[in-house]
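Participant: If you scroll down you'll find the structure; I have some questions about it.
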Amino acid sequence: MTPVHLTLNAGSSTLKFRAYHADDHRLLLRGLIDHFGAGDASLALDFADGRRESRRLADTGRERALPLLLATLADAGLVVAAAIHRVVHGGRDFAAPVALTAAVREQLAALSALAPLHQPTSLAVVEQLAETRPTLPQIACFDTAFHAKAPALNQRFAIARHWYDEGVRRYGFHGLSYAAIARRLPEYGLADARVVVCHLGSGASACGMVAGQSVASTMGFSALDGLMMGTRAGLIDPEVLLYWQETHGMDIKAVRDELYKKSGLLGVSGLSSDMRVLLESDAPEAHEAVELFCSRAAREVASLSTAIGGLDALVFTAGIGEHSAEVRANIVARLGWLGLALDASANHEHDAEIASPDSSADILVIPTDEEGEMLAEALPLLA
Ligand SMILES: Nc1ncnc2c1ncn2[C@@H]1O[C@H](COP(=O)(O)OP(=O)(O)O)[C@@H](O)[C@H]1O
Ligand SMILES: CC(=O)OP(=O)(O)O
Ligand SMILES: [Mg+2]
């Protein structure tokens, strides 16, 4: 059996995993469970020798994912030598990768309410592994870490100061994705540039960075703020929450469910949280959901450009950002007043520069590599 470092990235609609050779860190297997935990879940595997497999999953519960994954690895002659987990919320205390001791796991579990779609799933996998393989090294890499050095001003809400001291601040998420993009900016001569990255997946956020460092992000205290997402509302007037509680008697769980699971693309379209389904639909509600998604994204790109003092490049990444030319074109068209313009044919490429020659700023599609970033961050701890 070949020992591997296994990366686990539990997103809101997917579970992505990769097996890297434990000695030379070659990528051996790439896997994706799509519609993770839903009735129509599927598994896709991509082997280093070019072989591909995919199938529908009959037993779709999230708690069944780890045994399935370990069996898949065993079939491929791979055995886990270390597990590297994406953990969405590091809170005030974790701004760097950390070994997942029992004490650390307890601290991270206390943050679950701030990331209900992610933290419980990731930590359940960690616990399952800790139970069956108590001596297995397990490392957590955090979505929040990349933003920890953002200017204090951009981490502050306009509320009384003592809340900040208590940890009520803008943390920002998708940091592993942004760090992976930042690593690639020098290839495009953008090492010192002012860049806005749109991470558009089931969860969606945007980050303004300068010289590869986070300056401001659309996500805040939780992964609920900012852009419209698959099932999350993004920016919302907080009075709506009070109205729900006061006028409709909704308790905290009901409000949370509304904001995290019934809003966003799903809520507005009444049809699906999956952008692919909405783009193919003729329903006016689906069209309106896509328009609102693109409008919110364009507005936040302009806002983040102010936070970073101008815009040298706009980058699209993640499930929607990488794969939907239509969404990219819609967002960039709304930013035409800033001088941004796409090359319509280049816009259909993946991992490419897609701006027209007369665009005021570069526009790029860069595939995210959260797993590669996790491996790079965890290796020093595993050495
Ligand atoms: N070809 C495509 N066109 C439009 N959207 C796509 C395409 N492929 C994937 N997506 C969307 O990407 C989203 C998933 O993004 P991803 O970043 O993988 O999610 P997660 O938030 O679970 O990590 C889904 O909404 C899916 O509809
Ligand atoms: C933080 C977050 O929303 O992550 P994802 O997009 O993977 O669901
Ligand atoms: Mg994701």
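Chain identifiers are assigned as A, B, and so on, following the order in which chains appear in the structure tokens; residues are numbered from 1 within each chain, and ligands are numbered from 1 in order of appearance.
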Taking a cut-off of 7 Å and counting only C-alpha atoms and all ligand atoms, can you build a table that, for each residue of chain A near ligand 2, reports the nearest atom pair and how far apart they are in Å (one decimal), sorted by chain then residue number, as CSV?

Facilitator:
residue,atom,partner,partner_atom_place_in_ligand_line,distance
A:Ala10,CA,ligand 2,7 (O),6.6
A:Gly11,CA,ligand 2,7 (O),3.3
A:Ser12,CA,ligand 2,8 (O),3.6
A:Ser13,CA,ligand 2,8 (O),6.4
A:Val88,CA,ligand 2,1 (C),5.9
A:Asp143,CA,ligand 2,1 (C),7.0
A:Phe173,CA,ligand 2,1 (C),5.2
A:His174,CA,ligand 2,1 (C),5.3
A:Gly201,CA,ligand 2,6 (O),5.3
A:Ser202,CA,ligand 2,6 (O),5.0
A:Gly203,CA,ligand 2,6 (O),3.1
A:Ala204,CA,ligand 2,6 (O),5.6
A:Ala223,CA,ligand 2,1 (C),5.1

Participant: May I have the residues from that selection written out with N, CA and C atoms, as a JSON list (two decimals), in the first residue's frame?

Facilitator:
[["chain", "number", "residue", "atom", "x", "y", "z"],
["A", 10, "ALA", "N", -14.41, 19.98, 2.87],
["A", 10, "ALA", "CA", -15.87, 19.88, 2.91],
["A", 10, "ALA", "C", -16.46, 21.26, 2.68],
["A", 11, "GLY", "N", -17.02, 21.48, 1.48],
["A", 11, "GLY", "CA", -17.69, 22.74, 1.15],
["A", 11, "GLY", "C", -19.17, 22.61, 1.44],
["A", 12, "SER", "N", -19.94, 23.64, 1.10],
["A", 12, "SER", "CA", -21.36, 23.56, 1.42],
["A", 12, "SER", "C", -22.11, 22.62, 0.49],
["A", 13, "SER", "N", -21.63, 22.42, -0.75],
["A", 13, "SER", "CA", -22.35, 21.51, -1.65],
["A", 13, "SER", "C", -21.48, 20.37, -2.15],
["A", 88, "VAL", "N", -13.23, 25.71, 8.29],
["A", 88, "VAL", "CA", -13.65, 27.02, 7.81],
["A", 88, "VAL", "C", -13.38, 28.13, 8.83],
["A", 143, "ASP", "N", -9.77, 28.62, 6.68],
["A", 143, "ASP", "CA", -10.26, 29.60, 5.71],
["A", 143, "ASP", "C", -10.02, 31.03, 6.17],
["A", 173, "PHE", "N", -13.47, 34.53, 4.79],
["A", 173, "PHE", "CA", -13.36, 33.08, 4.55],
["A", 173, "PHE", "C", -12.82, 32.82, 3.15],
["A", 174, "HIS", "N", -12.85, 31.55, 2.74],
["A", 174, "HIS", "CA", -12.28, 31.13, 1.45],
["A", 174, "HIS", "C", -10.80, 31.48, 1.36],
["A", 201, "GLY", "N", -18.69, 29.99, -5.79],
["A", 201, "GLY", "CA", -19.09, 28.59, -5.76],
["A", 201, "GLY", "C", -20.43, 28.51, -5.08],
["A", 202, "SER", "N", -20.70, 27.40, -4.39],
["A", 202, "SER", "CA", -21.94, 27.34, -3.60],
["A", 202, "SER", "C", -21.88, 28.38, -2.51],
["A", 203, "GLY", "N", -20.72, 28.46, -1.88],
["A", 203, "GLY", "CA", -20.41, 29.61, -1.04],
["A", 203, "GLY", "C", -19.70, 30.60, -1.94],
["A", 204, "ALA", "N", -19.97, 31.89, -1.79],
["A", 204, "ALA", "CA", -19.33, 32.86, -2.68],
["A", 204, "ALA", "C", -18.86, 34.05, -1.85],
["A", 223, "ALA", "N", -19.63, 32.97, 7.41],
["A", 223, "ALA", "CA", -19.62, 32.84, 5.94],
["A", 223, "ALA", "C", -21.00, 33.15, 5.37]]

Participant: Using only C-alpha atoms and all ligand atoms, what table do you get, as CSV, when you list each residue of chain A with an atom no more than 12 Å from ligand 3, its nearest pair of atoms, and their distance in Å rounded to one decimal, rows by chain then rising number?

Facilitator:
residue,atom,partner,partner_atom_place_in_ligand_line,distance
A:Leu8,CA,ligand 3,1 (Mg),11.2
A:Asn9,CA,ligand 3,1 (Mg),7.4
A:Ala10,CA,ligand 3,1 (Mg),7.3
A:Gly11,CA,ligand 3,1 (Mg),4.5
A:Ser12,CA,ligand 3,1 (Mg),6.8
A:Ser13,CA,ligand 3,1 (Mg),7.8
A:Thr14,CA,ligand 3,1 (Mg),7.2
A:Leu15,CA,ligand 3,1 (Mg),8.4
A:Lys16,CA,ligand 3,1 (Mg),8.4
A:Phe17,CA,ligand 3,1 (Mg),11.5
A:Leu32,CA,ligand 3,1 (Mg),11.2
A:Ile33,CA,ligand 3,1 (Mg),11.9
A:Asp34,CA,ligand 3,1 (Mg),11.1
A:Phe36,CA,ligand 3,1 (Mg),11.7
A:Arg86,CA,ligand 3,1 (Mg),9.8
A:Val87,CA,ligand 3,1 (Mg),11.3
A:Val88,CA,ligand 3,1 (Mg),9.9
A:Leu117,CA,ligand 3,1 (Mg),11.4
A:His118,CA,ligand 3,1 (Mg),9.9
A:Asp143,CA,ligand 3,1 (Mg),10.1
A:Phe173,CA,ligand 3,1 (Mg),10.1
A:His174,CA,ligand 3,1 (Mg),7.3
A:Gly175,CA,ligand 3,1 (Mg),10.5
A:Leu176,CA,ligand 3,1 (Mg),9.6
A:Ser177,CA,ligand 3,1 (Mg),8.2
A:Tyr178,CA,ligand 3,1 (Mg),11.3
A:His199,CA,ligand 3,1 (Mg),8.5
A:Leu200,CA,ligand 3,1 (Mg),8.6
A:Gly201,CA,ligand 3,1 (Mg),6.1
A:Ser202,CA,ligand 3,1 (Mg),6.8
A:Gly203,CA,ligand 3,1 (Mg),6.3
A:Ala204,CA,ligand 3,1 (Mg),8.3
A:Ser205,CA,ligand 3,1 (Mg),10.3
A:Ala223,CA,ligand 3,1 (Mg),11.3
A:Met229,CA,ligand 3,1 (Mg),11.4
A:Gly230,CA,ligand 3,1 (Mg),11.3
A:Thr317,CA,ligand 3,1 (Mg),10.1
A:Ala318,CA,ligand 3,1 (Mg),6.8
A:Gly319,CA,ligand 3,1 (Mg),7.8
A:Ile320,CA,ligand 3,1 (Mg),10.5
A:Gly321,CA,ligand 3,1 (Mg),11.4
A:Pro367,CA,ligand 3,1 (Mg),11.8
A:Thr368,CA,ligand 3,1 (Mg),9.2
A:Asp369,CA,ligand 3,1 (Mg),10.1
A:Glu370,CA,ligand 3,1 (Mg),8.2
A:Glu371,CA,ligand 3,1 (Mg),10.5

Participant: Any idea what the distance is between CA of Gly208 (chain A) and CA of Val196 (chain A)?

Facilitator: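 Straight-line distance from CA of Gly208 (chain A) to CA of Val196 (chain A) works out to 4.4 Å.
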
Participant: Running DSSP on the backbone, which parts of region 114-281 of chain A land in helix (DSSP H, G or I), as a VMD selection string?

Facilitator: chain A and resid 114 119 to 132 145 to 147 152 to 155 161 to 165 175 to 188 238 to 248 252 to 261 264 to 269 275 to 280

Participant: Per DSSP on the backbone, filter region 106-147 of chain A down to the residues in strand (DSSP E) and report them as a list of chain:residue names.

Facilitator: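 Selection result, strand (DSSP E) within region 106-147 of chain A: A:Gln138, A:Ile139, A:Ala140, A:Cys141, A:Phe142.
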
Participant: Counting only C-alpha atoms and all ligand atoms, figure out which residue out of A:Ala76, A:Met228, A:Ala19, A:Ala333 gets nearest to ligand 1.

Facilitator: A:Met228

Participant: With a distance cut-off of 10 Å and only C-alpha atoms, select the neighbouring residues of Glu300 (chain A), excluding the residue or stretch itself and same-chain residues fewer than 3 positions from it, and output the selection as number ranges by chain.

Facilitator: A: 196, 198, 205-208, 217-218, 226-227, 294-297, 303-306

Participant: Compile the contact shell of region 236-241 of chain A as a list in words: residues with an atom at most 12 Å away, counting only C-alpha atoms, same-chain residues fewer than 5 positions apart removed.

Facilitator: Leu224, Asp225, Gly226, Leu227, Met228, Glu246, Thr247, His248, Gly249, Met250, Asp251, Ile252, Lys253, Ala254, Val255, Arg256, Asp257, Glu258, Leu259, Ser263, Gly264 and Arg296 of chain A

Participant: May I have the selected residues written with N, CA and C atoms, as an mmCIF file, in the first residue's frame?

Facilitator:
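Output (selection_4.cif):
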data_model
loop_
_atom_site.group_PDB
_atom_site.id
_atom_site.type_symbol
_atom_site.label_atom_id
_atom_site.label_comp_id
_atom_site.auth_asym_id
_atom_site.auth_seq_id
_atom_site.Cartn_x
_atom_site.Cartn_y
_atom_site.Cartn_z
ATOM 1 N N LEU A 224 -21.720 34.047 6.033
ATOM 2 C CA LEU A 224 -23.081 34.380 5.632
ATOM 3 C C LEU A 224 -23.148 35.743 4.964
ATOM 4 N N ASP A 225 -22.157 36.570 5.242
ATOM 5 C CA ASP A 225 -22.193 37.963 4.785
ATOM 6 C C ASP A 225 -21.749 38.079 3.322
ATOM 7 N N GLY A 226 -22.092 39.199 2.708
ATOM 8 C CA GLY A 226 -21.508 39.543 1.413
ATOM 9 C C GLY A 226 -22.336 39.128 0.220
ATOM 10 N N LEU A 227 -21.747 38.320 -0.653
ATOM 11 C CA LEU A 227 -22.389 37.960 -1.920
ATOM 12 C C LEU A 227 -23.574 37.030 -1.703
ATOM 13 N N MET A 228 -24.444 37.004 -2.699
ATOM 14 C CA MET A 228 -25.528 36.016 -2.744
ATOM 15 C C MET A 228 -24.885 34.651 -3.040
ATOM 16 N N GLU A 246 -39.902 38.803 15.577
ATOM 17 C CA GLU A 246 -40.959 39.522 16.274
ATOM 18 C C GLU A 246 -42.330 39.256 15.665
ATOM 19 N N THR A 247 -42.405 39.277 14.343
ATOM 20 C CA THR A 247 -43.705 39.192 13.675
ATOM 21 C C THR A 247 -44.101 37.762 13.328
ATOM 22 N N HIS A 248 -43.131 36.911 13.087
ATOM 23 C CA HIS A 248 -43.448 35.535 12.686
ATOM 24 C C HIS A 248 -43.065 34.511 13.744
ATOM 25 N N GLY A 249 -42.585 34.987 14.900
ATOM 26 C CA GLY A 249 -42.268 34.088 16.007
ATOM 27 C C GLY A 249 -41.194 33.069 15.673
ATOM 28 N N MET A 250 -40.329 33.392 14.718
ATOM 29 C CA MET A 250 -39.274 32.428 14.361
ATOM 30 C C MET A 250 -38.200 32.410 15.436
ATOM 31 N N ASP A 251 -37.786 31.204 15.850
ATOM 32 C CA ASP A 251 -36.707 31.125 16.845
ATOM 33 C C ASP A 251 -35.349 31.141 16.129
ATOM 34 N N ILE A 252 -34.284 31.060 16.917
ATOM 35 C CA ILE A 252 -32.941 31.198 16.336
ATOM 36 C C ILE A 252 -32.680 30.132 15.275
ATOM 37 N N LYS A 253 -33.120 28.913 15.544
ATOM 38 C CA LYS A 253 -32.879 27.833 14.578
ATOM 39 C C LYS A 253 -33.615 28.124 13.269
ATOM 40 N N ALA A 254 -34.842 28.610 13.375
ATOM 41 C CA ALA A 254 -35.622 28.895 12.162
ATOM 42 C C ALA A 254 -34.980 30.037 11.363
ATOM 43 N N VAL A 255 -34.490 31.050 12.077
ATOM 44 C CA VAL A 255 -33.839 32.178 11.389
ATOM 45 C C VAL A 255 -32.569 31.694 10.700
ATOM 46 N N ARG A 256 -31.813 30.874 11.430
ATOM 47 C CA ARG A 256 -30.567 30.350 10.850
ATOM 48 C C ARG A 256 -30.853 29.516 9.598
ATOM 49 N N ASP A 257 -31.855 28.651 9.691
ATOM 50 C CA ASP A 257 -32.213 27.809 8.539
ATOM 51 C C ASP A 257 -32.602 28.675 7.346
ATOM 52 N N GLU A 258 -33.378 29.724 7.623
ATOM 53 C CA GLU A 258 -33.823 30.622 6.556
ATOM 54 C C GLU A 258 -32.605 31.251 5.854
ATOM 55 N N LEU A 259 -31.659 31.742 6.668
ATOM 56 C CA LEU A 259 -30.512 32.468 6.112
ATOM 57 C C LEU A 259 -29.499 31.569 5.431
ATOM 58 N N SER A 263 -32.273 30.575 1.366
ATOM 59 C CA SER A 263 -32.127 31.875 0.708
ATOM 60 C C SER A 263 -31.282 31.741 -0.563
ATOM 61 N N GLY A 264 -30.620 32.804 -0.932
ATOM 62 C CA GLY A 264 -29.700 32.758 -2.068
ATOM 63 C C GLY A 264 -30.378 32.347 -3.367
ATOM 64 N N ARG A 296 -25.035 41.621 -7.408
ATOM 65 C CA ARG A 296 -24.398 41.721 -6.087
ATOM 66 C C ARG A 296 -22.879 41.586 -6.228
#

Participant: Find the spatial neighbours of Glu187 (chain A), counting only C-alpha atoms, within a cut-off of 12 Å - ignore same-chain residues fewer than 5 positions away - and output them as a count of residues only.

Facilitator: 9

Participant: I'd like to know which of A:Ser272, A:Thr60, A:Gln213, A:Gln245 is closest to ligand 1, using only C-alpha atoms and all ligand atoms.

Facilitator: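 Among A:Ser272, A:Thr60, A:Gln213, A:Gln245, it is A:Ser272 that comes nearest to ligand 1.
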